[in-house]
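Asker: Have a peek at query.txt (compact mmCIF, C-alpha atoms).
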```txt
# COMPACT_ATOMS: atom_id res chain seq x y z
CA ALA A 6 -3.63 -14.90 8.88
CA GLN A 7 -1.22 -13.44 6.39
CA SER A 8 1.66 -11.28 7.59
CA VAL A 9 4.84 -9.65 6.32
CA THR A 10 8.07 -8.95 8.18
CA GLN A 11 10.66 -6.48 7.02
CA PRO A 12 13.47 -6.87 9.56
CA ASP A 13 15.42 -3.78 8.54
CA ILE A 14 13.82 -0.49 9.55
CA HIS A 15 16.55 1.66 8.07
CA ILE A 16 19.34 0.90 5.57
CA THR A 17 22.10 3.21 4.35
CA VAL A 18 24.05 2.43 1.18
CA SER A 19 26.54 4.34 -0.91
CA GLU A 20 25.56 5.44 -4.38
CA GLY A 21 26.63 2.78 -6.87
CA ALA A 22 26.64 0.01 -4.28
CA SER A 23 24.35 -2.99 -4.47
CA LEU A 24 21.17 -3.24 -2.41
CA GLU A 25 19.17 -6.04 -0.88
CA LEU A 26 16.03 -5.42 1.17
CA ARG A 27 14.70 -8.35 3.11
CA CYS A 28 11.12 -9.54 3.29
CA ASN A 29 9.62 -12.60 4.93
CA TYR A 30 5.96 -13.50 4.62
CA SER A 31 3.49 -15.82 6.24
CA TYR A 32 0.57 -17.13 4.21
CA GLY A 33 -1.10 -20.52 4.08
CA ALA A 34 -1.46 -20.84 0.33
CA THR A 35 0.44 -19.65 -2.70
CA PRO A 36 1.18 -16.02 -1.97
CA TYR A 37 0.79 -13.04 -4.20
CA LEU A 38 3.79 -10.85 -3.38
CA PHE A 39 4.55 -7.22 -4.10
CA TRP A 40 7.17 -4.56 -3.55
CA TYR A 41 6.09 -0.93 -3.43
CA VAL A 42 8.10 2.27 -3.10
CA GLN A 43 6.90 5.44 -1.37
CA SER A 44 8.69 8.75 -1.71
CA PRO A 45 7.94 11.59 0.74
CA GLY A 46 4.55 13.12 0.03
CA GLN A 47 3.79 10.52 -2.61
CA GLY A 48 1.50 7.55 -2.81
CA LEU A 49 2.75 4.02 -3.29
CA GLN A 50 4.18 2.89 -6.60
CA LEU A 51 4.36 -0.77 -7.56
CA LEU A 52 7.93 -1.89 -8.32
CA LEU A 53 7.20 -5.53 -9.10
CA LYS A 54 4.92 -8.44 -8.30
CA TYR A 55 5.02 -12.22 -8.12
CA PHE A 56 1.95 -14.32 -8.79
CA SER A 57 3.40 -17.54 -10.22
CA GLY A 58 6.01 -18.86 -12.63
CA ASP A 59 9.61 -17.73 -12.73
CA THR A 60 10.77 -17.05 -9.18
CA LEU A 61 13.08 -14.22 -10.26
CA VAL A 62 10.93 -11.21 -11.05
CA GLN A 63 12.08 -8.10 -12.87
CA GLY A 64 10.52 -4.76 -12.04
CA ILE A 65 10.79 -1.12 -12.88
CA LYS A 66 13.76 1.14 -12.15
CA GLY A 67 16.22 -1.77 -12.37
CA PHE A 68 14.84 -3.66 -9.35
CA GLU A 69 14.39 -7.42 -9.13
CA ALA A 70 13.13 -9.78 -6.46
CA GLU A 71 13.45 -13.50 -5.88
CA PHE A 72 10.70 -15.67 -4.44
CA LYS A 73 12.03 -18.47 -2.24
CA ARG A 74 9.21 -20.65 -0.99
CA SER A 75 11.45 -22.74 1.28
CA GLN A 76 12.55 -19.61 3.13
CA SER A 77 9.23 -17.73 2.87
CA SER A 78 11.19 -14.81 1.51
CA PHE A 79 10.83 -12.28 -1.28
CA ASN A 80 13.94 -10.09 -1.12
CA LEU A 81 14.33 -7.02 -3.29
CA ARG A 82 17.64 -6.32 -5.02
CA LYS A 83 19.29 -3.73 -7.17
CA PRO A 84 22.86 -4.05 -8.48
CA SER A 85 23.72 -0.33 -8.38
CA VAL A 86 21.79 2.18 -6.30
CA HIS A 87 21.15 5.75 -7.48
CA TRP A 88 20.56 8.73 -5.19
CA SER A 89 16.99 8.92 -6.51
CA ASP A 90 16.28 5.49 -5.01
CA ALA A 91 16.18 7.01 -1.52
CA ALA A 92 12.64 6.30 -0.32
CA GLU A 93 10.67 3.88 1.81
CA TYR A 94 10.09 0.38 0.49
CA PHE A 95 7.20 -1.86 1.42
CA CYS A 96 6.82 -5.57 0.88
CA ALA A 97 3.24 -6.85 0.74
CA VAL A 98 1.30 -10.09 0.40
CA GLY A 99 -2.14 -10.52 -1.10
CA ARG A 100 -4.69 -13.26 -1.16
CA SER A 101 -5.53 -15.48 -4.06
CA GLY A 102 -7.03 -13.12 -6.58
CA GLY A 103 -4.06 -10.89 -5.88
CA TYR A 104 -5.22 -7.55 -4.76
CA GLN A 105 -7.89 -8.15 -2.19
CA LYS A 106 -6.91 -7.36 1.39
CA VAL A 107 -3.23 -6.74 0.72
CA THR A 108 -1.12 -6.87 3.89
CA PHE A 109 1.92 -4.62 4.03
CA GLY A 110 5.10 -4.84 6.05
CA THR A 111 6.26 -1.95 8.21
CA GLY A 112 8.68 -0.72 5.57
CA THR A 113 12.41 -0.19 5.14
CA LYS A 114 13.68 3.34 4.78
CA LEU A 115 16.58 3.56 2.34
CA GLN A 116 19.14 6.32 2.62
CA VAL A 117 21.68 6.77 -0.19
CA ILE A 118 24.94 8.55 0.56
CA PRO A 119 27.37 9.98 -2.02
CA GLU B 3 -4.99 9.66 -18.45
CA THR B 4 -5.79 11.08 -15.01
CA GLY B 5 -4.47 9.08 -12.09
CA VAL B 6 -6.06 8.52 -8.70
CA THR B 7 -6.81 11.76 -6.91
CA GLN B 8 -7.73 12.34 -3.28
CA SER B 9 -9.16 15.30 -1.41
CA PRO B 10 -8.46 17.09 0.75
CA THR B 11 -4.68 16.88 0.97
CA HIS B 12 -4.57 17.70 4.66
CA LEU B 13 -7.25 17.88 7.32
CA ILE B 14 -7.34 18.74 11.01
CA LYS B 15 -10.21 17.58 13.21
CA THR B 16 -10.89 17.26 16.92
CA ARG B 17 -11.82 14.16 18.86
CA GLY B 18 -15.44 13.12 18.49
CA GLN B 19 -15.92 14.83 15.13
CA GLN B 20 -16.75 13.12 11.88
CA VAL B 21 -14.72 13.28 8.65
CA THR B 22 -15.27 12.42 4.99
CA LEU B 23 -12.38 11.74 2.65
CA ARG B 24 -12.80 11.52 -1.11
CA CYS B 25 -11.17 9.53 -3.85
CA SER B 26 -11.54 9.72 -7.62
CA SER B 27 -10.64 6.49 -9.37
CA GLN B 28 -8.49 6.19 -12.41
CA SER B 29 -10.52 5.98 -15.60
CA GLY B 30 -11.80 2.46 -16.27
CA HIS B 31 -11.22 1.20 -12.73
CA ASN B 32 -14.25 -0.28 -10.96
CA THR B 33 -12.63 -1.20 -7.65
CA VAL B 34 -11.47 1.09 -4.85
CA SER B 35 -9.54 0.11 -1.73
CA TRP B 36 -8.82 2.28 1.29
CA TYR B 37 -5.78 1.99 3.55
CA GLN B 38 -4.71 3.69 6.79
CA GLN B 39 -0.99 4.40 7.18
CA ALA B 40 0.02 5.52 10.66
CA LEU B 41 3.34 7.28 11.08
CA GLY B 42 6.22 4.84 10.73
CA GLN B 43 3.94 1.96 9.74
CA GLY B 44 2.91 0.22 6.58
CA PRO B 45 -0.55 0.77 5.12
CA GLN B 46 -3.34 -1.24 6.72
CA PHE B 47 -6.29 -2.40 4.63
CA ILE B 48 -9.58 -0.81 5.70
CA PHE B 49 -12.00 -2.06 3.03
CA GLN B 50 -12.56 -2.48 -0.67
CA TYR B 51 -15.52 -1.51 -2.84
CA TYR B 52 -16.44 -3.14 -6.13
CA ARG B 53 -19.37 -1.89 -8.18
CA GLU B 54 -20.75 0.07 -5.23
CA GLU B 55 -20.70 -2.89 -2.81
CA GLU B 56 -18.23 -3.60 0.01
CA ASN B 57 -16.00 -6.42 -1.19
CA GLY B 58 -13.80 -7.16 1.81
CA ARG B 59 -12.97 -5.47 5.07
CA GLY B 60 -9.96 -5.32 7.34
CA ASN B 61 -9.86 -5.14 11.11
CA PHE B 62 -11.45 -1.71 11.54
CA PRO B 63 -14.49 -0.81 13.68
CA PRO B 64 -17.88 0.05 12.14
CA ARG B 65 -17.29 3.78 12.65
CA PHE B 66 -15.14 3.45 9.51
CA SER B 67 -17.58 3.28 6.62
CA GLY B 68 -17.48 3.88 2.91
CA LEU B 69 -19.38 4.48 -0.24
CA GLN B 70 -18.71 3.95 -3.90
CA PHE B 71 -20.64 5.91 -6.48
CA PRO B 72 -21.81 4.89 -9.99
CA ASN B 73 -18.80 6.70 -11.50
CA TYR B 74 -16.62 4.50 -9.18
CA SER B 75 -15.40 7.41 -7.08
CA SER B 76 -15.46 6.71 -3.38
CA GLU B 77 -15.75 8.21 0.09
CA LEU B 78 -14.32 7.09 3.41
CA ASN B 79 -16.26 8.26 6.44
CA VAL B 80 -14.96 8.08 9.98
CA ASN B 81 -17.28 8.86 12.89
CA ALA B 82 -16.40 9.69 16.50
CA LEU B 83 -12.78 10.46 15.68
CA GLU B 84 -10.10 9.29 18.08
CA LEU B 85 -6.53 10.51 18.45
CA ASP B 86 -5.26 7.19 17.01
CA ASP B 87 -7.12 7.90 13.78
CA SER B 88 -4.41 10.40 12.92
CA ALA B 89 -2.77 8.93 9.83
CA LEU B 90 -2.27 9.11 6.09
CA TYR B 91 -5.31 7.64 4.34
CA LEU B 92 -4.56 6.11 0.98
CA CYS B 93 -6.98 5.22 -1.75
CA ALA B 94 -6.14 2.76 -4.52
CA SER B 95 -8.16 1.99 -7.62
CA SER B 96 -7.96 -0.94 -9.98
CA PRO B 97 -9.88 -3.12 -12.36
CA ILE B 98 -11.14 -6.01 -10.20
CA GLY B 99 -8.36 -8.49 -9.46
CA ASP B 100 -5.71 -6.39 -11.14
CA GLU B 101 -2.94 -3.96 -10.18
CA GLN B 102 -3.82 -1.19 -7.74
CA PHE B 103 -2.83 2.40 -8.42
CA PHE B 104 -2.48 4.59 -5.35
CA GLY B 105 -3.40 8.19 -4.82
CA PRO B 106 -1.15 10.60 -2.90
CA GLY B 107 -3.23 10.29 0.26
CA THR B 108 -5.01 12.54 2.73
CA ARG B 109 -3.15 13.42 5.92
CA LEU B 110 -5.64 13.48 8.81
CA THR B 111 -4.65 14.97 12.16
CA VAL B 112 -6.97 14.50 15.13
CA LEU B 113 -6.41 16.85 18.08
```
Using structure tokens, write down the structure that the file contains.
Answerer:
Amino acid sequence: AQSVTQPDIHITVSEGASLELRCNYSYGATPYLFWYVQSPGQGLQLLLKYFSGDTLVQGIKGFEAEFKRSQSSFNLRKPSVHWSDAAEYFCAVGRSGGYQKVTFGTGTKLQVIP
Amino acid sequence: ETGVTQSPTHLIKTRGQQVTLRCSSQSGHNTVSWYQQALGQGPQFIFQYYREEENGRGNFPPRFSGLQFPNYSSELNVNALELDDSALYLCASSPIGDEQFFGPGTRLTVL
């Protein structure tokens, strides 16, 4: 069965500092991987996705993620965090075909301090 | 272009009651997926509908059921509500096999 682990429940970073959110997945075949962001009272917004090809994926809002098959990881990064990035971030894995039965991690809540 | 909308925004029910949640898909999307997000958890896949047929189901009991209509809007029905059903219910629409767009969710509280 597919699964996702986000080991950090809560992360605090200073505005302007770099950010890395960790994600490890378990899936028997080639995974379809996603990062979503959820602001309070909002639905989920897709930041980026990996289906195949280049293992470094660029997304919206200046985010990027790197797929490392040997480590079963798909960590999210941003070089300089803005206060508006404060939100909850979810890593997810989907089956072949991408979007059927997507499994989400438990999320990492990001706090940004001045 | 109108995004995914869900109604109602909030709902309070008591144990044993039944509830219906509604979702209007984004224009041109023929697939709808429903997710349950308990407090402090990630969303959990309930089921997906494609062209009015169930197209995959997660680990939820049969008292969770759904419908998709010819205009691709959808309903989630939950019978015999339990306290643990309290959660944010998210709907996502997409063209089949393509990116999902999420609605803002319905917050269900079961007392």
Asker: Skipping near chain neighbours, those fewer than 2 positions away, what residues fall within 9 Å of Ile14 in chain A using all atoms listed in the file, listed as a VMD selection string?
Answerer: chain A and resid 11 to 12 16 111 to 115
Asker: At a cut-off of 7 Å, using all atoms listed in the file, what residues contact range 51-65 of chain A? Leave out same-chain residues fewer than 2 positions from it and give the result as a ChimeraX atom specification.
Answerer: /A:37-42,49,67-72
Asker: Could you pull the residues within 7 Å of Phe47 in chain B, counting only C-alpha atoms, minus those fewer than 5 positions along the same chain, as a PyMOL selection string?
Answerer: (chain A and resi 106-108) or (chain B and resi 36-38+60)
Asker: May I have the protein, DNA and RNA residues with any atom at most 8 Å from the point (-7.4, -1.4, -8.4), counting all atoms listed in the file, written as a VMD selection string?
Answerer: (chain A and resid 104) or (chain B and resid 31 to 35 94 to 103)
Asker: Determine, counting only C-alpha atoms, which protein, DNA and RNA residues have an atom within 8 Å of an atom of range 5-18 of chain B; residues of the same chain fewer than 5 positions away are not included. Present the result as a list in words.
Answerer: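 Listed by chain and then number, they are Leu23, Arg24, Cys25, Ser26, Ser27, Gln28, Ser29, Asn81, Ala82, Leu83, Glu84, Leu85, Cys93, Ala94, Ser95, Phe103, Phe104, Gly105, Pro106, Gly107, Thr108, Arg109, Leu110, Thr111, Val112 and Leu113 of chain B.
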Asker: Taking all atoms listed in the file into account, which of A:Asn29, A:Ser19, A:Ser77, A:Thr10 comes nearest chain B?
Answerer: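 Of the candidates, the smallest distance to chain B is held by A:Thr10.
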Asker: Here is a test: counting only C-alpha atoms, which residue of A:His87, A:Val9, A:Phe79, A:Ala34 is nearest to chain B?
Answerer: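 Result for the nearest residue to chain B: A:Val9.
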Asker: Calculate how many Å separate CA of Pro63 in chain B from CA of Ser88 in chain B, rounding to one decimal.
Answerer: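 Going from CA of Pro63 in chain B over to CA of Ser88 in chain B, I get 15.1 Å.
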Asker: Could you pull the residues within 10 Å of Ala6 in chain A, counting only C-alpha atoms, minus those fewer than 3 positions along the same chain, as a list in words?
Answerer: Ser31, Tyr32, Gly33 and Thr108 of chain A
Asker: For CA of Glu55 in chain B and CA of Gln43 in chain B, determine how far apart the two atoms are, in Å to one decimal place.
Answerer: 28.1 Å
Asker: Suppose you want the space between CA of Gln7 in chain A and CA of Ser23 in chain A; what is it in Å?
Answerer: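 CA of Ser23 in chain A lies at a distance of 29.7 Å from CA of Gln7 in chain A.
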Asker: Smallest atom-to-atom distance to Gly30 in chain B: which of B:Glu56, B:Leu78, B:Asn73, B:Phe62, using all atoms listed in the file?
Answerer: B:Asn73
Asker: Between B:Asn79, B:Gln19, B:Gln50, B:Ser67, single out the one closest to chain A, counting all atoms listed in the file.
Answerer: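 Smallest separation from chain A among the options: B:Gln50.
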Asker: May I ask which of the residues A:Ser8, A:Asp13, A:Ile118, A:Cys28 is the closest one to Ala91 in chain A, counting only C-alpha atoms?
Answerer: A:Ile118
Asker: Using only C-alpha atoms, find the one residue out of A:Thr35, A:Asn80, A:Gln43, A:Ser75 that sits nearest to Phe95 in chain A.
Answerer: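 The answer is A:Gln43, which sits nearest to Phe95 in chain A.
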